[in-house]
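Shown next: entry-v9.pdb, given as PDB, C-alpha atoms and all ligand atoms.
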MODEL        1
ATOM      1  CA  MET A   1       0.000   0.000   0.000  1.00  0.00           C
ATOM      2  CA  THR A   2       1.255   3.521  -0.779  1.00  0.00           C
ATOM      3  CA  GLU A   3       2.268   5.605   2.178  1.00  0.00           C
ATOM      4  CA  ARG A   4      -0.254   8.225   3.213  1.00  0.00           C
ATOM      5  CA  LEU A   5       1.355  11.649   3.569  1.00  0.00           C
ATOM      6  CA  LYS A   6       0.415  14.122   6.267  1.00  0.00           C
ATOM      7  CA  THR A   7      -1.860  16.741   4.664  1.00  0.00           C
ATOM      8  CA  ILE A   8      -1.628  20.321   5.910  1.00  0.00           C
ATOM      9  CA  GLY A   9      -4.031  23.018   4.718  1.00  0.00           C
ATOM     10  CA  ILE A  10      -2.461  26.492   4.605  1.00  0.00           C
ATOM     11  CA  PHE A  11      -5.123  29.174   4.451  1.00  0.00           C
ATOM     12  CA  GLY A  12      -3.581  32.648   4.395  1.00  0.00           C
ATOM     13  CA  GLY A  13      -5.453  35.906   4.553  1.00  0.00           C
ATOM     14  CA  THR A  14      -5.683  39.353   6.012  1.00  0.00           C
ATOM     15  CA  PHE A  15      -8.622  38.337   8.204  1.00  0.00           C
ATOM     16  CA  ASP A  16      -9.565  41.979   8.794  1.00  0.00           C
ATOM     17  CA  PRO A  17     -11.726  40.699  10.476  1.00  0.00           C
ATOM     18  CA  ILE A  18     -12.124  36.917  10.254  1.00  0.00           C
ATOM     19  CA  HIS A  19     -15.720  36.030   9.300  1.00  0.00           C
ATOM     20  CA  CYS A  20     -18.045  33.076   8.734  1.00  0.00           C
ATOM     21  CA  GLY A  21     -17.064  32.923   5.041  1.00  0.00           C
ATOM     22  CA  HIS A  22     -13.448  32.149   5.995  1.00  0.00           C
ATOM     23  CA  LEU A  23     -14.384  29.818   8.838  1.00  0.00           C
ATOM     24  CA  ARG A  24     -16.993  27.793   6.996  1.00  0.00           C
ATOM     25  CA  ALA A  25     -14.708  27.489   3.952  1.00  0.00           C
ATOM     26  CA  GLY A  26     -11.767  26.355   6.090  1.00  0.00           C
ATOM     27  CA  LEU A  27     -13.855  23.800   7.933  1.00  0.00           C
ATOM     28  CA  GLU A  28     -15.437  22.382   4.790  1.00  0.00           C
ATOM     29  CA  ILE A  29     -12.100  22.000   3.011  1.00  0.00           C
ATOM     30  CA  TYR A  30     -10.644  20.355   6.115  1.00  0.00           C
ATOM     31  CA  GLU A  31     -13.499  17.862   6.401  1.00  0.00           C
ATOM     32  CA  THR A  32     -14.237  17.215   2.715  1.00  0.00           C
ATOM     33  CA  LEU A  33     -10.612  16.561   1.819  1.00  0.00           C
ATOM     34  CA  SER A  34      -9.885  14.781   5.126  1.00  0.00           C
ATOM     35  CA  LEU A  35      -6.869  16.968   5.826  1.00  0.00           C
ATOM     36  CA  ASN A  36      -4.800  16.273   8.928  1.00  0.00           C
ATOM     37  CA  GLU A  37      -4.563  19.985   9.747  1.00  0.00           C
ATOM     38  CA  MET A  38      -6.041  23.230   8.553  1.00  0.00           C
ATOM     39  CA  ARG A  39      -3.948  26.263   9.497  1.00  0.00           C
ATOM     40  CA  LEU A  40      -5.273  29.775   9.125  1.00  0.00           C
ATOM     41  CA  ILE A  41      -2.306  32.117   8.717  1.00  0.00           C
ATOM     42  CA  PRO A  42      -3.015  35.818   9.235  1.00  0.00           C
ATOM     43  CA  GLY A  43      -0.594  38.003   7.268  1.00  0.00           C
ATOM     44  CA  LYS A  44       1.197  40.709   9.204  1.00  0.00           C
ATOM     45  CA  HIS A  45       1.971  43.084   6.322  1.00  0.00           C
ATOM     46  CA  PRO A  46       0.139  41.753   3.228  1.00  0.00           C
ATOM     47  CA  PRO A  47       2.287  43.056   0.344  1.00  0.00           C
ATOM     48  CA  HIS A  48      -0.316  42.944  -2.456  1.00  0.00           C
ATOM     49  CA  ARG A  49      -3.098  45.035  -0.929  1.00  0.00           C
ATOM     50  CA  SER A  50      -3.713  48.193   1.076  1.00  0.00           C
ATOM     51  CA  THR A  51      -2.723  48.244   4.757  1.00  0.00           C
ATOM     52  CA  PRO A  52      -5.306  46.393   6.864  1.00  0.00           C
ATOM     53  CA  LYS A  53      -7.503  48.586   9.069  1.00  0.00           C
ATOM     54  CA  ALA A  54      -6.933  46.581  12.260  1.00  0.00           C
ATOM     55  CA  SER A  55      -3.443  46.010  13.683  1.00  0.00           C
ATOM     56  CA  PRO A  56      -1.720  42.624  13.223  1.00  0.00           C
ATOM     57  CA  GLU A  57      -2.257  41.884  16.944  1.00  0.00           C
ATOM     58  CA  HIS A  58      -6.001  42.580  16.764  1.00  0.00           C
ATOM     59  CA  ARG A  59      -6.404  40.500  13.599  1.00  0.00           C
ATOM     60  CA  LEU A  60      -4.516  37.613  15.197  1.00  0.00           C
ATOM     61  CA  ASN A  61      -6.618  37.841  18.374  1.00  0.00           C
ATOM     62  CA  MET A  62      -9.836  37.869  16.333  1.00  0.00           C
ATOM     63  CA  ALA A  63      -8.700  34.865  14.307  1.00  0.00           C
ATOM     64  CA  ARG A  64      -7.936  32.981  17.545  1.00  0.00           C
ATOM     65  CA  LEU A  65     -11.384  33.821  18.900  1.00  0.00           C
ATOM     66  CA  GLY A  66     -13.049  32.897  15.611  1.00  0.00           C
ATOM     67  CA  ILE A  67     -11.756  29.330  15.417  1.00  0.00           C
ATOM     68  CA  GLN A  68     -12.607  28.449  19.016  1.00  0.00           C
ATOM     69  CA  GLY A  69     -14.519  25.187  19.314  1.00  0.00           C
ATOM     70  CA  SER A  70     -13.494  24.054  15.810  1.00  0.00           C
ATOM     71  CA  PRO A  71     -10.685  21.806  14.540  1.00  0.00           C
ATOM     72  CA  LEU A  72      -9.147  24.774  12.692  1.00  0.00           C
ATOM     73  CA  GLN A  73      -5.784  26.077  13.897  1.00  0.00           C
ATOM     74  CA  ILE A  74      -4.083  29.452  13.828  1.00  0.00           C
ATOM     75  CA  ASP A  75      -0.457  29.610  12.738  1.00  0.00           C
ATOM     76  CA  ASP A  76       1.145  32.938  13.687  1.00  0.00           C
ATOM     77  CA  CYS A  77       4.356  32.392  11.658  1.00  0.00           C
ATOM     78  CA  GLU A  78       3.763  35.487   9.489  1.00  0.00           C
ATOM     79  CA  MET A  79       3.120  37.585  12.590  1.00  0.00           C
ATOM     80  CA  ARG A  80       6.498  36.582  14.013  1.00  0.00           C
ATOM     81  CA  ARG A  81       8.372  37.464  10.817  1.00  0.00           C
ATOM     82  CA  GLU A  82       9.653  40.979  10.104  1.00  0.00           C
ATOM     83  CA  GLY A  83       9.021  42.674   6.766  1.00  0.00           C
ATOM     84  CA  PRO A  84       6.323  41.957   4.150  1.00  0.00           C
ATOM     85  CA  SER A  85       4.366  38.717   4.639  1.00  0.00           C
ATOM     86  CA  TYR A  86       5.238  36.916   1.428  1.00  0.00           C
ATOM     87  CA  SER A  87       3.435  33.588   1.012  1.00  0.00           C
ATOM     88  CA  ILE A  88       6.550  32.152  -0.623  1.00  0.00           C
ATOM     89  CA  ASP A  89       8.499  32.607   2.645  1.00  0.00           C
ATOM     90  CA  THR A  90       5.738  30.833   4.576  1.00  0.00           C
ATOM     91  CA  LEU A  91       5.662  27.947   2.099  1.00  0.00           C
ATOM     92  CA  MET A  92       9.452  27.587   2.160  1.00  0.00           C
ATOM     93  CA  ALA A  93       9.512  27.581   5.971  1.00  0.00           C
ATOM     94  CA  LEU A  94       6.775  24.949   6.143  1.00  0.00           C
ATOM     95  CA  ARG A  95       8.492  22.839   3.510  1.00  0.00           C
ATOM     96  CA  ARG A  96      11.719  22.926   5.547  1.00  0.00           C
ATOM     97  CA  GLU A  97       9.762  21.848   8.617  1.00  0.00           C
ATOM     98  CA  TYR A  98       7.713  19.167   6.809  1.00  0.00           C
ATOM     99  CA  PRO A  99       9.832  17.862   3.902  1.00  0.00           C
ATOM    100  CA  LYS A 100       7.492  14.950   3.227  1.00  0.00           C
ATOM    101  CA  ALA A 101       4.052  16.408   3.917  1.00  0.00           C
ATOM    102  CA  SER A 102       1.426  17.327   1.346  1.00  0.00           C
ATOM    103  CA  LEU A 103       1.235  21.094   1.786  1.00  0.00           C
ATOM    104  CA  CYS A 104      -2.078  22.392   0.495  1.00  0.00           C
ATOM    105  CA  MET A 105      -2.299  26.117  -0.080  1.00  0.00           C
ATOM    106  CA  VAL A 106      -5.974  27.108   0.116  1.00  0.00           C
ATOM    107  CA  VAL A 107      -7.187  30.153  -1.825  1.00  0.00           C
ATOM    108  CA  GLY A 108     -10.538  31.494  -2.965  1.00  0.00           C
ATOM    109  CA  VAL A 109     -11.100  31.928  -6.712  1.00  0.00           C
ATOM    110  CA  ASP A 110     -10.712  35.701  -6.299  1.00  0.00           C
ATOM    111  CA  ALA A 111      -7.252  35.250  -4.806  1.00  0.00           C
ATOM    112  CA  PHE A 112      -6.310  32.615  -7.405  1.00  0.00           C
ATOM    113  CA  LEU A 113      -7.212  34.999 -10.248  1.00  0.00           C
ATOM    114  CA  GLY A 114      -4.590  37.419  -8.925  1.00  0.00           C
ATOM    115  CA  LEU A 115      -1.983  34.715  -8.332  1.00  0.00           C
ATOM    116  CA  THR A 116       0.485  35.953 -10.943  1.00  0.00           C
ATOM    117  CA  SER A 117       0.860  39.247  -9.065  1.00  0.00           C
ATOM    118  CA  TRP A 118       2.154  37.429  -5.969  1.00  0.00           C
ATOM    119  CA  PHE A 119       5.882  37.515  -5.268  1.00  0.00           C
ATOM    120  CA  GLN A 120       7.623  34.444  -6.774  1.00  0.00           C
ATOM    121  CA  TRP A 121       4.270  32.778  -7.513  1.00  0.00           C
ATOM    122  CA  GLU A 122       5.887  30.370 -10.013  1.00  0.00           C
ATOM    123  CA  LYS A 123       7.532  28.584  -7.092  1.00  0.00           C
ATOM    124  CA  PHE A 124       4.282  27.959  -5.203  1.00  0.00           C
ATOM    125  CA  ILE A 125       3.459  24.848  -7.176  1.00  0.00           C
ATOM    126  CA  GLN A 126       6.963  23.449  -6.618  1.00  0.00           C
ATOM    127  CA  LEU A 127       6.430  23.719  -2.868  1.00  0.00           C
ATOM    128  CA  ALA A 128       2.744  22.969  -2.406  1.00  0.00           C
ATOM    129  CA  ASN A 129      -0.502  21.804  -3.953  1.00  0.00           C
ATOM    130  CA  ILE A 130      -3.104  24.520  -4.454  1.00  0.00           C
ATOM    131  CA  ILE A 131      -6.755  24.142  -3.522  1.00  0.00           C
ATOM    132  CA  VAL A 132      -8.953  26.696  -5.240  1.00  0.00           C
ATOM    133  CA  MET A 133     -12.270  27.220  -3.449  1.00  0.00           C
ATOM    134  CA  TYR A 134     -15.276  28.545  -5.265  1.00  0.00           C
ATOM    135  CA  ARG A 135     -16.486  31.893  -3.962  1.00  0.00           C
ATOM    136  CA  ALA A 136     -19.817  33.610  -4.536  1.00  0.00           C
ATOM    137  CA  GLY A 137     -19.563  36.146  -7.349  1.00  0.00           C
ATOM    138  CA  TRP A 138     -16.355  34.720  -8.858  1.00  0.00           C
ATOM    139  CA  SER A 139     -15.759  32.223 -11.694  1.00  0.00           C
ATOM    140  CA  LEU A 140     -12.769  30.071 -12.502  1.00  0.00           C
ATOM    141  CA  PRO A 141     -10.524  31.616 -15.178  1.00  0.00           C
ATOM    142  CA  LYS A 142     -11.141  30.428 -18.751  1.00  0.00           C
ATOM    143  CA  THR A 143      -8.152  32.096 -20.389  1.00  0.00           C
ATOM    144  CA  GLY A 144      -4.712  33.315 -19.407  1.00  0.00           C
ATOM    145  CA  ILE A 145      -1.924  31.920 -17.260  1.00  0.00           C
ATOM    146  CA  THR A 146      -4.127  30.889 -14.348  1.00  0.00           C
ATOM    147  CA  ALA A 147      -6.477  28.942 -16.675  1.00  0.00           C
ATOM    148  CA  GLU A 148      -3.469  27.165 -18.208  1.00  0.00           C
ATOM    149  CA  LEU A 149      -2.133  26.365 -14.743  1.00  0.00           C
ATOM    150  CA  LEU A 150      -5.472  24.840 -13.760  1.00  0.00           C
ATOM    151  CA  GLN A 151      -5.335  22.592 -16.825  1.00  0.00           C
ATOM    152  CA  SER A 152      -1.710  21.572 -16.711  1.00  0.00           C
ATOM    153  CA  HIS A 153      -1.606  20.812 -12.974  1.00  0.00           C
ATOM    154  CA  ALA A 154      -5.112  19.448 -12.455  1.00  0.00           C
ATOM    155  CA  LEU A 155      -5.392  16.739  -9.809  1.00  0.00           C
ATOM    156  CA  ALA A 156      -8.043  14.410 -11.148  1.00  0.00           C
ATOM    157  CA  SER A 157      -8.640  12.407  -8.022  1.00  0.00           C
ATOM    158  CA  LYS A 158      -8.691  13.832  -4.539  1.00  0.00           C
ATOM    159  CA  ASN A 159      -5.632  11.890  -3.401  1.00  0.00           C
ATOM    160  CA  LEU A 160      -3.889  14.851  -1.870  1.00  0.00           C
ATOM    161  CA  ASP A 161      -2.216  12.503   0.577  1.00  0.00           C
ATOM    162  CA  GLN A 162      -0.207  10.958  -2.262  1.00  0.00           C
ATOM    163  CA  VAL A 163       1.458  14.122  -3.575  1.00  0.00           C
ATOM    164  CA  THR A 164       3.661  16.552  -1.656  1.00  0.00           C
ATOM    165  CA  CYS A 165       3.207  19.384  -4.213  1.00  0.00           C
ATOM    166  CA  GLY A 166       2.604  20.183  -7.861  1.00  0.00           C
ATOM    167  CA  TYR A 167      -1.164  19.788  -8.243  1.00  0.00           C
ATOM    168  CA  ILE A 168      -4.184  22.081  -8.306  1.00  0.00           C
ATOM    169  CA  LEU A 169      -7.597  20.999  -7.092  1.00  0.00           C
ATOM    170  CA  THR A 170     -10.783  23.025  -7.447  1.00  0.00           C
ATOM    171  CA  GLN A 171     -13.229  22.489  -4.642  1.00  0.00           C
ATOM    172  CA  LYS A 172     -16.872  23.438  -4.249  1.00  0.00           C
ATOM    173  CA  ILE A 173     -17.886  24.737  -0.851  1.00  0.00           C
ATOM    174  CA  THR A 174     -21.045  26.276   0.540  1.00  0.00           C
ATOM    175  CA  THR A 175     -20.755  29.767  -0.896  1.00  0.00           C
ATOM    176  CA  LEU A 176     -21.366  32.430   1.717  1.00  0.00           C
ATOM    177  CA  GLU A 177     -21.350  35.874   0.204  1.00  0.00           C
ATOM    178  CA  ILE A 178     -19.499  37.513   3.073  1.00  0.00           C
ATOM    179  CA  SER A 179     -16.400  39.689   2.891  1.00  0.00           C
ATOM    180  CA  ALA A 180     -14.345  41.491   5.494  1.00  0.00           C
ATOM    181  CA  SER A 181     -14.812  44.763   3.604  1.00  0.00           C
ATOM    182  CA  GLN A 182     -18.591  44.355   3.803  1.00  0.00           C
ATOM    183  CA  ILE A 183     -18.279  43.957   7.581  1.00  0.00           C
ATOM    184  CA  ARG A 184     -16.001  47.001   7.906  1.00  0.00           C
ATOM    185  CA  ASN A 185     -18.397  49.057   5.765  1.00  0.00           C
ATOM    186  CA  LEU A 186     -21.414  48.045   7.859  1.00  0.00           C
ATOM    187  CA  ILE A 187     -19.649  49.104  11.056  1.00  0.00           C
ATOM    188  CA  GLU A 188     -18.583  52.389   9.488  1.00  0.00           C
ATOM    189  CA  GLN A 189     -22.213  53.023   8.550  1.00  0.00           C
ATOM    190  CA  LYS A 190     -23.264  52.258  12.154  1.00  0.00           C
ATOM    191  CA  ARG A 191     -25.030  49.101  11.023  1.00  0.00           C
ATOM    192  CA  SER A 192     -24.692  45.693  12.623  1.00  0.00           C
ATOM    193  CA  PRO A 193     -22.487  42.941  11.148  1.00  0.00           C
ATOM    194  CA  ALA A 194     -24.101  40.360  13.472  1.00  0.00           C
ATOM    195  CA  PHE A 195     -24.359  36.796  12.107  1.00  0.00           C
ATOM    196  CA  LEU A 196     -21.740  37.450   9.405  1.00  0.00           C
ATOM    197  CA  LEU A 197     -18.994  36.705  11.927  1.00  0.00           C
ATOM    198  CA  PRO A 198     -18.760  34.814  15.236  1.00  0.00           C
ATOM    199  CA  LYS A 199     -20.290  36.597  18.219  1.00  0.00           C
ATOM    200  CA  SER A 200     -16.951  36.533  20.048  1.00  0.00           C
ATOM    201  CA  VAL A 201     -15.281  38.398  17.174  1.00  0.00           C
ATOM    202  CA  HIS A 202     -18.125  40.920  17.021  1.00  0.00           C
ATOM    203  CA  GLU A 203     -17.747  41.551  20.748  1.00  0.00           C
ATOM    204  CA  TYR A 204     -13.976  41.926  20.394  1.00  0.00           C
ATOM    205  CA  ILE A 205     -14.537  44.602  17.726  1.00  0.00           C
ATOM    206  CA  GLN A 206     -16.895  46.442  20.053  1.00  0.00           C
ATOM    207  CA  GLN A 207     -14.632  46.174  23.087  1.00  0.00           C
ATOM    208  CA  ASN A 208     -11.627  47.434  21.147  1.00  0.00           C
ATOM    209  CA  LYS A 209     -13.581  49.982  19.096  1.00  0.00           C
ATOM    210  CA  LEU A 210     -12.255  48.692  15.781  1.00  0.00           C
ATOM    211  CA  TYR A 211     -13.321  49.849  12.312  1.00  0.00           C
ATOM    212  CA  GLY A 212     -14.821  53.094  13.606  1.00  0.00           C
ATOM    213  CA  TYR A 213     -17.140  51.372  16.048  1.00  0.00           C
ATOM    214  CA  ASP A 214     -18.330  53.668  18.822  1.00  0.00           C
ATOM    215  CA  GLU A 215     -20.176  52.568  21.895  1.00  0.00           C
ATOM    216  CA  ASN A 216     -23.218  54.734  21.249  1.00  0.00           C
ATOM    217  CA  ASP A 217     -23.972  52.793  18.086  1.00  0.00           C
ATOM    218  CA  THR A 218     -27.390  51.214  17.865  1.00  0.00           C
ATOM    219  CA  MET A 219     -25.768  47.949  16.789  1.00  0.00           C
ATOM    220  CA  THR A 220     -24.802  47.153  20.385  1.00  0.00           C
ATOM    221  CA  PRO A 221     -26.560  43.868  21.143  1.00  0.00           C
ATOM    222  CA  LYS A 222     -29.511  44.008  23.534  1.00  0.00           C
ATOM    223  CA  GLU A 223     -29.320  42.003  26.746  1.00  0.00           C
ATOM    224  CA  ASP A 224     -29.822  38.274  26.140  1.00  0.00           C
ATOM    225  CA  VAL A 225     -33.409  37.172  26.601  1.00  0.00           C
ATOM    226  CA  HIS A 226     -33.594  34.033  28.718  1.00  0.00           C
ATOM    227  CA  LEU A 227     -36.474  31.779  27.801  1.00  0.00           C
TER     228      LEU A 227
HETATM  229  P1  LIG B 301     -11.549  41.932   2.063  1.00  0.00           P
HETATM  230  O1  LIG B 301     -13.014  42.112   1.848  1.00  0.00           O
HETATM  231  O2  LIG B 301     -10.941  42.849   3.079  1.00  0.00           O
HETATM  232  O3  LIG B 301     -10.775  41.925   0.757  1.00  0.00           O
HETATM  233  P2  LIG B 301     -11.860  39.050   2.366  1.00  0.00           P
HETATM  234  O4  LIG B 301     -13.181  38.824   3.027  1.00  0.00           O
HETATM  235  O5  LIG B 301     -11.763  38.796   0.887  1.00  0.00           O
HETATM  236  O6  LIG B 301     -11.311  40.502   2.727  1.00  0.00           O
HETATM  237  P3  LIG B 301      -9.246  37.971   2.955  1.00  0.00           P
HETATM  238  O7  LIG B 301      -8.647  37.910   4.293  1.00  0.00           O
HETATM  239  O8  LIG B 301      -8.696  38.991   2.015  1.00  0.00           O
HETATM  240  O9  LIG B 301     -10.836  38.163   3.153  1.00  0.00           O
HETATM  241  O10 LIG B 301      -9.259  36.566   2.232  1.00  0.00           O
HETATM  242  C1  LIG B 301      -8.394  35.521   2.559  1.00  0.00           C
HETATM  243  C2  LIG B 301      -8.770  34.308   1.754  1.00  0.00           C
HETATM  244  O11 LIG B 301     -10.102  33.905   2.105  1.00  0.00           O
HETATM  245  C3  LIG B 301      -8.779  34.487   0.228  1.00  0.00           C
HETATM  246  O12 LIG B 301      -8.234  33.311  -0.353  1.00  0.00           O
HETATM  247  C4  LIG B 301     -10.254  34.613  -0.099  1.00  0.00           C
HETATM  248  O13 LIG B 301     -10.547  34.148  -1.388  1.00  0.00           O
HETATM  249  C5  LIG B 301     -10.898  33.728   0.966  1.00  0.00           C
HETATM  250  N1  LIG B 301     -12.258  34.142   1.314  1.00  0.00           N
HETATM  251  C6  LIG B 301     -12.631  35.312   1.857  1.00  0.00           C
HETATM  252  N2  LIG B 301     -13.966  35.350   2.052  1.00  0.00           N
HETATM  253  C7  LIG B 301     -14.449  34.175   1.598  1.00  0.00           C
HETATM  254  C8  LIG B 301     -15.774  33.620   1.503  1.00  0.00           C
HETATM  255  N3  LIG B 301     -16.859  34.302   1.869  1.00  0.00           N
HETATM  256  N4  LIG B 301     -15.891  32.376   0.991  1.00  0.00           N
HETATM  257  C9  LIG B 301     -14.788  31.687   0.562  1.00  0.00           C
HETATM  258  N5  LIG B 301     -13.519  32.162   0.625  1.00  0.00           N
HETATM  259  C10 LIG B 301     -13.347  33.386   1.138  1.00  0.00           C
ENDMDL
END
Have the structure of the file written as C-alpha cells, please.
Amino acid sequence: MTERLKTIGIFGGTFDPIHCGHLRAGLEIYETLSLNEMRLIPGKHPPHRSTPKASPEHRLNMARLGIQGSPLQIDDCEMRREGPSYSIDTLMALRREYPKASLCMVVGVDAFLGLTSWFQWEKFIQLANIIVMYRAGWSLPKTGITAELLQSHALASKNLDQVTCGYILTQKITTLEISASQIRNLIEQKRSPAFLLPKSVHEYIQQNKLYGYDENDTMTPKEDVHL
C-alpha cells in the first residue's frame, strides 16, 4: 500500500476581520478533503493590498477567537516574521519543517485569479498543492496563465495525501457571500455585522472599538433574553 502523507491546509489571509465565510470554507475544506490539519495564517503586512484597518495583533486575536470550538488552527508564523508577509516565505519555511508532507495552499477563486501578481508565484506549485475554493460572485478563469495552470496541474482524483506538491484541485464549498470589507463598511455606517462573523469576534470589535465602532452605536446587542 502507498504511504499516506500528512496533509496540511495552509489558508492565508488578512482576516480583517475573520468572518463566517473564511471559517466555513476552512472547515469544509478540512473535512471534505480529510486533511490532517487546517492552518489559518493571518498576514502581518500583506504586500499585495492596502494596509489592513486593524493592527496585526487585533487581527490575530480575532482569528484565535473565531476558530474556538473548531478543529481549525491558527499559525502565527507570518506575525512573528519581520518585513512583508510573502506567502513564498511561509511555504518555504513549512516545507523545511515538513519535507514529506502534502502542503495544500488554500485560496478562494478571487485570490487565485490574482496569483500571478504574488511575489515568486511560479515557485508555489513546486512547494505545495493549491486548492482553489469557489467563492460567490467569482468564476474560474477560462483564459490566461491561471487557466493554463489549472489545466496543466489538475489533480483528477482527490488523493492529496499521495502528492507533496505540484497539483491544483478546485473544490466546491457552501458559498457564503461575506467579505471582510462588507463587515467594515457596515460598522462604518453604524449598522450591525451580526451573524456574518462569530459573536466573540463581534464583541472583540466592540470592546476594542475597531473599524470606527463607537459605543453609542445602535448595533450594540440588547441584553440576552432568557427563555
Ligand atoms: P476583504 O473584503 O478585506 O478583501 P476578504 O473577506 O476577501 O477581505 P481575505 O482575508 O482577504 O478576506 O481573504 C483571505 C482568503 O479567504 C482568500 O483566499 C479569499 O478568497 C478567501 N475568502 C474570503 N472570504 C471568503 C468567503 N466568503 N468564501 C470563501 N472564501 C473566502
With all atoms of ligand LIG 301 (chain B) from the file as input, state the centre and edge lengths in Å to one decimal of the axis-aligned box that has 8 Å extra on each side, as AutoDock Vina command-line options.
--center_x -12.5 --center_y 37.3 --center_z 1.5 --size_x 24.6 --size_y 27.2 --size_z 21.7
Within 10 Å of Ile10 in chain A, counting only C-alpha atoms, which residues show up once you throw out same-chain ones fewer than 6 positions away? Write them as a tab-separated table (two decimals) with C-alpha atoms, in the coordinates of the input, please.
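Output saved as out19.tsv:
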chain	number	residue	atom	x	y	z
A	26	GLY	CA	-11.77	26.36	6.09
A	37	GLU	CA	-4.56	19.98	9.75
A	38	MET	CA	-6.04	23.23	8.55
A	39	ARG	CA	-3.95	26.26	9.50
A	40	LEU	CA	-5.27	29.78	9.12
A	41	ILE	CA	-2.31	32.12	8.72
A	73	GLN	CA	-5.78	26.08	13.90
A	74	ILE	CA	-4.08	29.45	13.83
A	75	ASP	CA	-0.46	29.61	12.74
A	87	SER	CA	3.44	33.59	1.01
A	90	THR	CA	5.74	30.83	4.58
A	91	LEU	CA	5.66	27.95	2.10
A	94	LEU	CA	6.78	24.95	6.14
A	103	LEU	CA	1.24	21.09	1.79
A	104	CYS	CA	-2.08	22.39	0.50
A	105	MET	CA	-2.30	26.12	-0.08
A	106	VAL	CA	-5.97	27.11	0.12
A	107	VAL	CA	-7.19	30.15	-1.82
A	128	ALA	CA	2.74	22.97	-2.41
A	129	ASN	CA	-0.50	21.80	-3.95
A	130	ILE	CA	-3.10	24.52	-4.45
A	131	ILE	CA	-6.76	24.14	-3.52
> Could you write out as a list in words the residues that the PyMOL selection byres (((not hetatm)) within 7 of (chain B and resi 301)) matches in the shown file?
Replying inline: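 Going through the file, the PyMOL selection byres (((not hetatm)) within 7 of (chain B and resi 301)) ends up selecting Phe11, Gly12, Gly13, Thr14, Phe15, Asp16, Ile18, Gly21, His22, Ala25, Val106, Val107, Gly108, Val109, Asp110, Ala111, Met133, Tyr134, Arg135, Ala136, Thr175, Leu176, Glu177, Ile178, Ser179, Ala180, Ser181 and Gln182 of chain A.
We find CA of Ile67 in chain A and CA of Tyr98 in chain A to be spaced 23.6 Å apart.
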> Which is closer to Cys77 in chain A than all the others in A:Pro198, A:Gly43, A:Pro17, A:Gly114, using only C-alpha atoms?
Replying inline: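 Of all the options, A:Gly43 lies closest to Cys77 in chain A.
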>> I'd like the residues picked by the PyMOL selection byres (((chain A and resi 202-214) around 9) and not hetatm) written out as an NGL selection string, using the chain letters and numbers from the file.
In response: :A and (17 or 53-54 or 58 or 61-62 or 65 or 184-185 or 187-190 or 193-195 or 197-201 or 215-217 or 220)
> For Ile29 in chain A, which residue out of A:Gln162, A:Thr2, A:Thr7, A:Gln126 is the nearest one, using all atoms listed in the file?
Replying inline: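 Selected residue with least distance to Ile29 in chain A: A:Thr7.
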May I have the protein, DNA and RNA residues with any atom at most 10 Å from the point (7.2, 17.3, -8.9), counting all atoms listed in the file, written as a compact mmCIF listing (two decimals) with C-alpha atoms, keeping the file's coordinate frame?
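For reference, point_6.txt as written:
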# COMPACT_ATOMS: atom_id res chain seq x y z
CA ILE A 125 3.46 24.85 -7.18
CA GLN A 126 6.96 23.45 -6.62
CA LEU A 127 6.43 23.72 -2.87
CA ALA A 128 2.74 22.97 -2.41
CA VAL A 163 1.46 14.12 -3.58
CA THR A 164 3.66 16.55 -1.66
CA CYS A 165 3.21 19.38 -4.21
CA GLY A 166 2.60 20.18 -7.86
CA TYR A 167 -1.16 19.79 -8.24
> From the set A:Leu155, A:Ala101, A:Met79, A:Leu115, which residue has the shortest atom-to-atom contact distance to Pro46 in chain A, counting only C-alpha atoms?
Replying inline: A:Met79
>> So that I can see what lies close to Phe112 in chain A, please list as a ChimeraX atom specification the residues with an atom at most 9 Å from it, counting all atoms listed in the file and leaving out residues fewer than 6 positions away in the same chain.
In response: /A:132-133,140-141,146
> Which distance in Å separates CA of Gly66 in chain A and CA of Leu160 in chain A, to one decimal?
Replying inline: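 For CA of Gly66 in chain A relative to CA of Leu160 in chain A, the distance reads 26.7 Å.
Take CA of Glu31 in chain A and CA of Arg4 in chain A: the distance between them is 16.7 Å.
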> Selected by the PyMOL selection byres (((chain A and resi 84-86) around 6) and not hetatm) in the shown coordinates: which residues, as an NGL selection string?
Replying inline: :A and (43-47 or 78 or 83 or 87-89)
Write out the residues from the selection above, keeping C-alpha atoms, as a compact mmCIF listing (two decimals), keeping the file's coordinate frame.
# COMPACT_ATOMS: atom_id res chain seq x y z
CA GLY A 43 -0.59 38.00 7.27
CA LYS A 44 1.20 40.71 9.20
CA HIS A 45 1.97 43.08 6.32
CA PRO A 46 0.14 41.75 3.23
CA PRO A 47 2.29 43.06 0.34
CA GLU A 78 3.76 35.49 9.49
CA GLY A 83 9.02 42.67 6.77
CA SER A 87 3.44 33.59 1.01
CA ILE A 88 6.55 32.15 -0.62
CA ASP A 89 8.50 32.61 2.64
> Nearest to Glu122 in chain A among A:Pro99, A:Leu169, A:Leu149, A:Lys142, with distances taken over all atoms listed in the file: which residue is it?
Replying inline: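 The closest residue to Glu122 in chain A is A:Leu149.
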>> Measuring between only C-alpha atoms, which one of A:Pro42, A:Gln120, A:Ile168, A:Gly137 shows the shortest distance to Gln151 in chain A?
In response: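 Smallest distance to Gln151 in chain A is found for A:Ile168.
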